[in-house]
Amino acid sequence: MSIERGRKIADAVLYEGYVLYPYRASSGKNQVRWQFGVLAPRQWSDAGGCEHSWSQTECLIENEFEIGGTVRFLQIQRRVVEKLVDSDTFQEVESLEAEAGLWTSWDEAIEREVDFEQSSEFSEGLLDFEFSASRTIEPIVTKSGRRVGRFVRESNAVKGTIRLFAQPIEEARALRKLHLRIENVMPWTDAAASRDIVMRSSLIGVHALLEAKRGKFVSLIDPPEWARAAAQKCSNVHTWPVMVGEDGDRDVVLSSPIILYDYPQIAPESPGDLYDATEIDEILTLRTMTLTEDEKRQARATDPRAAAIIDRVDEMPPEILDRLHGALRYLRAATTKPDPDAPAENHSASVETPPWWDPGADTSVSPESDSVQIGDVSVSKGSRVRLRPGPRRSDAQDMFLAGKTARVEAVYFDVEEHEYLAVTLEDDPAADFMQTHGRFLYFYPDEVEPLEVNQ
């Protein structure tokens with residue numbers, strides 16, 4: 001499997017938060033940018049800066065291996081609008097309007113990639129990389145051909161290191177632990193510099209794609225039992241490695257600055273990036289439709305990526321918008337054949353059975369009376385359990401619940417027919433309210449410890 005298979009997800013990570021609705025430079029949301037995967041210069045970070053200077057990935061791979069990898073990030077490029085004052089004089093401005101045209105100042109981004117390789121030899125690989133400063137000038141010309149100003153694009157140099165090595169694992173000799181450290185080593189002297197200034201010498205949205213050309217990766221979120229102890233000893237700092245590709249593939253790992261689950265996918269209904277993968281496409285699309293023509297004009301002047309969103313929404317056919325409303329996947333068939341001996345007037349009633357996902361209509365499930373076996377204990381509504389959320393949890397908030405006691409409210413099945421438990425916390429003062437409104441916490445059976453046997 002090629003590393004290219006992971007790039008669609010990696011691109012979403014790279015540009016997460018790049019430009020947010022309402023997609024114009026003057027918006028408050030776009031005043032504080034570059035929120036994810038920032039690696040700042042080491043000296044500034046060590047002096048108390050608010051961003052880290054390094055990230056560490058540790059993951060597991062089986063047997064002899066050969067690794068190909070790519071570290072990807074954005075380098076900020078400041079785009080400044082300068083107004084033409086006379087034939088040789090320019091003045092910096094936030095924006096410039098002329099002949100119905102609009103141009104604005106903005107921090108753009110340059111995509112950067114650094115490739116590396118490592119074999120199963122246990123020697124440490126160290127790769128230094130550097131991208132030099134640049135300055136370019138582009139004239140601003142109206143539709144009539146009149147020169148009214150210029151864009152000045154500038155970027156600072158950035159410099160970093162990639163360190164990769166493998167370690168044998170005593171408890172599981174078939175495994176190796178890969179250790180990847182990425183660090184910003186750009187020299188820096190001004191410890192009091194503001195974050196905005198430092199970002200111009202930082203690595204943004206840093207992540208790594210690792211491809212096993214030989215060997216197979218092991219999931220850290222849901223490892224096999226024989227590798228669980230080794231997985232728990234992997235230390236990942238400022239990053240989150242997950243498997244990518246089709247479900248079950250073990251050739252590519254994405255080490256992301258954003259918490260993901262194994263095998264994340266871009267929804268096929270999504271017509272394009274909105275640079276906010278935590279939001280719902282339909283909501284953002286509908287919001288974008290409400291922008292005034294002047295707001296759309298400002299967004300188009302902010303960034304080509306923002307302009308592409310506006311244009312896509314303006315030209316979106318109704319059937320594409322309808323498709324964003326939602327989709328059901330992996331649902332088993334919910335129909336039966338009509339009884340040929342039944343009266344004709346009853347045929348329509350016998351064709352459709354109640355949808356299996358509706359526990360109130362489907363008699364094959366009963367969340368309030370069903371039970372699940374955990375070890376030697378049968379757990380059902382009313383059982384007391386202790387929460388033990390596992391490492392496969394993609395929501396870090398769940399980790400704060402570890403060790404708390406809860407009461408089971410119902411037993412459900414997910415779309416893949418796995419059992420899971422709806423619970424309320426025993427020490428939650430709002431537990432009665434949550435029960436009344438059916439708002440529960442959800443855990444798989446292997447994430448709880450029974451405290452007593454139901455009577």
# chains A, B, ... in the order shown; residues from 1 in each chain; ligands from 1
call {"tool": "select_by_dssp", "arguments": {"residues": "segment 31-243 of chain A", "states": "helix (DSSP H, G or I)", "output": "ChimeraX atom specification"}}
result
/A:42-46,195-199,225-232
call {"tool": "residues_around", "arguments": {"residues": "Thr189 of chain A", "least_positions_apart": "2", "cutoff": "12 Å", "atoms": "only C-alpha atoms", "output": "PyMOL selection string"}}
result
chain A and resi 41-47+186-187+191-193+198
call {"tool": "write_last_selection", "arguments": {"atoms": "C-alpha atoms", "output": "PDB file, in the first residue's frame"}}
result
ATOM      1  CA  PRO A  41      12.057  27.627  17.960  1.00  0.00           C
ATOM      2  CA  ARG A  42      13.649  25.747  20.840  1.00  0.00           C
ATOM      3  CA  GLN A  43      15.130  28.759  22.705  1.00  0.00           C
ATOM      4  CA  TRP A  44      11.816  30.652  22.701  1.00  0.00           C
ATOM      5  CA  SER A  45       9.887  27.598  23.871  1.00  0.00           C
ATOM      6  CA  ASP A  46      12.410  26.781  26.617  1.00  0.00           C
ATOM      7  CA  ALA A  47      12.249  30.399  27.847  1.00  0.00           C
ATOM      8  CA  MET A 186      15.837  27.518  14.323  1.00  0.00           C
ATOM      9  CA  PRO A 187      18.135  29.846  16.343  1.00  0.00           C
ATOM     10  CA  ALA A 191      12.639  35.432  24.499  1.00  0.00           C
ATOM     11  CA  ALA A 192       9.997  38.172  24.876  1.00  0.00           C
ATOM     12  CA  ALA A 193       8.806  37.991  21.256  1.00  0.00           C
ATOM     13  CA  VAL A 198       7.469  33.548  16.505  1.00  0.00           C
TER      14      VAL A 198
END
call {"tool": "residues_around", "arguments": {"residues": "Ile140 of chain A", "least_positions_apart": "5", "cutoff": "6 Å", "atoms": "only C-alpha atoms", "output": "list of chain:residue names"}}
result
A:Arg147, A:Val148, A:Gly149, A:Arg150
call {"tool": "closest_residue", "arguments": {"among": "A:Trp188, A:Arg163, A:Leu291, A:Arg305", "to": "Asp273 of chain A", "atoms": "only C-alpha atoms"}}
result
A:Arg305
call {"tool": "residues_around", "arguments": {"residues": "segment 311-322 of chain A", "least_positions_apart": "4", "cutoff": "7 Å", "atoms": "only C-alpha atoms", "output": "list in words"}}
result
Thr285, Met289 and Ala307 of chain A
call {"tool": "write_last_selection", "arguments": {"atoms": "N, CA and C atoms", "output": "short mmCIF file (atom, residue, chain, number, x, y, z; two decimals), in the first residue's frame"}}
result
data_model
loop_
_atom_site.label_atom_id
_atom_site.label_comp_id
_atom_site.auth_asym_id
_atom_site.auth_seq_id
_atom_site.Cartn_x
_atom_site.Cartn_y
_atom_site.Cartn_z
N THR A 285 -21.93 24.84 5.33
CA THR A 285 -22.40 25.20 4.00
C THR A 285 -23.60 26.14 4.09
N MET A 289 -23.91 30.12 2.92
CA MET A 289 -24.96 30.63 2.04
C MET A 289 -25.58 31.92 2.56
N ALA A 307 -11.75 31.54 -1.25
CA ALA A 307 -12.50 31.84 -2.48
C ALA A 307 -13.09 30.57 -3.08
#
call {"tool": "select_by_dssp", "arguments": {"residues": "segment 112-179 of chain A", "states": "strand (DSSP E)", "output": "MDAnalysis selection string"}}
result
chainID A and resid 112:119 125:131 134:141 147:155 158:168 175:179
call {"tool": "closest_residue", "arguments": {"among": "A:Ser155, A:Thr424, A:Asn184, A:Gln265", "to": "Ile197 of chain A", "atoms": "only C-alpha atoms"}}
result
A:Ser155
call {"tool": "closest_residue", "arguments": {"among": "A:Thr302, A:Ala422, A:Cys59, A:Arg323", "to": "Met243 of chain A", "atoms": "only C-alpha atoms"}}
result
A:Cys59
call {"tool": "residues_around", "arguments": {"residues": "Gly403 of chain A", "least_positions_apart": "3", "cutoff": "7 Å", "atoms": "only C-alpha atoms", "output": "ChimeraX atom specification"}}
result
/A:386-388
call {"tool": "write_last_selection", "arguments": {"atoms": "all heavy atoms", "output": "PDB file, in the first residue's frame"}}
result
ATOM      1  N   ARG A 386     -17.152  -0.124  37.588  1.00  0.00           N
ATOM      2  CA  ARG A 386     -16.086   0.864  37.676  1.00  0.00           C
ATOM      3  C   ARG A 386     -15.556   1.093  36.266  1.00  0.00           C
ATOM      4  O   ARG A 386     -15.296   0.138  35.528  1.00  0.00           O
ATOM      5  CB  ARG A 386     -14.968   0.399  38.604  1.00  0.00           C
ATOM      6  CG  ARG A 386     -13.963   1.523  38.947  1.00  0.00           C
ATOM      7  CD  ARG A 386     -12.896   1.029  39.915  1.00  0.00           C
ATOM      8  NE  ARG A 386     -13.470   0.457  41.127  1.00  0.00           N
ATOM      9  CZ  ARG A 386     -13.907   1.166  42.155  1.00  0.00           C
ATOM     10  NH1 ARG A 386     -13.857   2.494  42.115  1.00  0.00           N
ATOM     11  NH2 ARG A 386     -14.397   0.557  43.223  1.00  0.00           N
ATOM     12  N   LEU A 387     -15.389   2.352  35.879  1.00  0.00           N
ATOM     13  CA  LEU A 387     -14.988   2.695  34.519  1.00  0.00           C
ATOM     14  C   LEU A 387     -13.484   2.540  34.348  1.00  0.00           C
ATOM     15  O   LEU A 387     -12.704   3.046  35.154  1.00  0.00           O
ATOM     16  CB  LEU A 387     -15.422   4.124  34.182  1.00  0.00           C
ATOM     17  CG  LEU A 387     -16.923   4.417  34.336  1.00  0.00           C
ATOM     18  CD1 LEU A 387     -17.226   5.857  33.952  1.00  0.00           C
ATOM     19  CD2 LEU A 387     -17.753   3.446  33.502  1.00  0.00           C
ATOM     20  N   ARG A 388     -13.102   1.823  33.266  1.00  0.00           N
ATOM     21  CA  ARG A 388     -11.692   1.619  32.927  1.00  0.00           C
ATOM     22  C   ARG A 388     -11.489   1.932  31.452  1.00  0.00           C
ATOM     23  O   ARG A 388     -11.197   1.042  30.649  1.00  0.00           O
ATOM     24  CB  ARG A 388     -11.279   0.177  33.210  1.00  0.00           C
ATOM     25  CG  ARG A 388     -11.502  -0.309  34.636  1.00  0.00           C
ATOM     26  CD  ARG A 388     -10.586   0.392  35.615  1.00  0.00           C
ATOM     27  NE  ARG A 388     -10.632  -0.238  36.943  1.00  0.00           N
ATOM     28  CZ  ARG A 388     -10.119   0.310  38.031  1.00  0.00           C
ATOM     29  NH1 ARG A 388      -9.524   1.497  37.947  1.00  0.00           N
ATOM     30  NH2 ARG A 388     -10.206  -0.304  39.197  1.00  0.00           N
TER      31      ARG A 388
END
call {"tool": "residues_around", "arguments": {"residues": "Ser256 of chain A", "least_positions_apart": "6", "cutoff": "7 Å", "atoms": "only C-alpha atoms", "output": "count of residues only"}}
result
5
call {"tool": "closest_residue", "arguments": {"among": "A:Leu254, A:Leu421, A:Ala430, A:Gly272", "to": "Glu58 of chain A", "atoms": "only C-alpha atoms"}}
result
A:Leu254
call {"tool": "closest_residue", "arguments": {"among": "A:Tyr21, A:Trp54, A:Tyr15, A:Tyr263", "to": "Arg181 of chain A", "atoms": "only C-alpha atoms"}}
result
A:Trp54
call {"tool": "closest_residue", "arguments": {"among": "A:Glu295, A:Glu282, A:Glu183, A:Asp251", "to": "Lys213 of chain A", "atoms": "only C-alpha atoms"}}
result
A:Asp251
call {"tool": "residues_around", "arguments": {"residues": "Ile182 of chain A", "least_positions_apart": "5", "cutoff": "10 Å", "atoms": "only C-alpha atoms", "output": "ChimeraX atom specification"}}
result
/A:39,53-57,71,127-128,160-164,206-208
call {"tool": "atom_distance", "arguments": {"atom1": "atom CA of Glu108 of chain A", "atom2": "atom CA of Arg79 of chain A"}}
result
6.6 Å
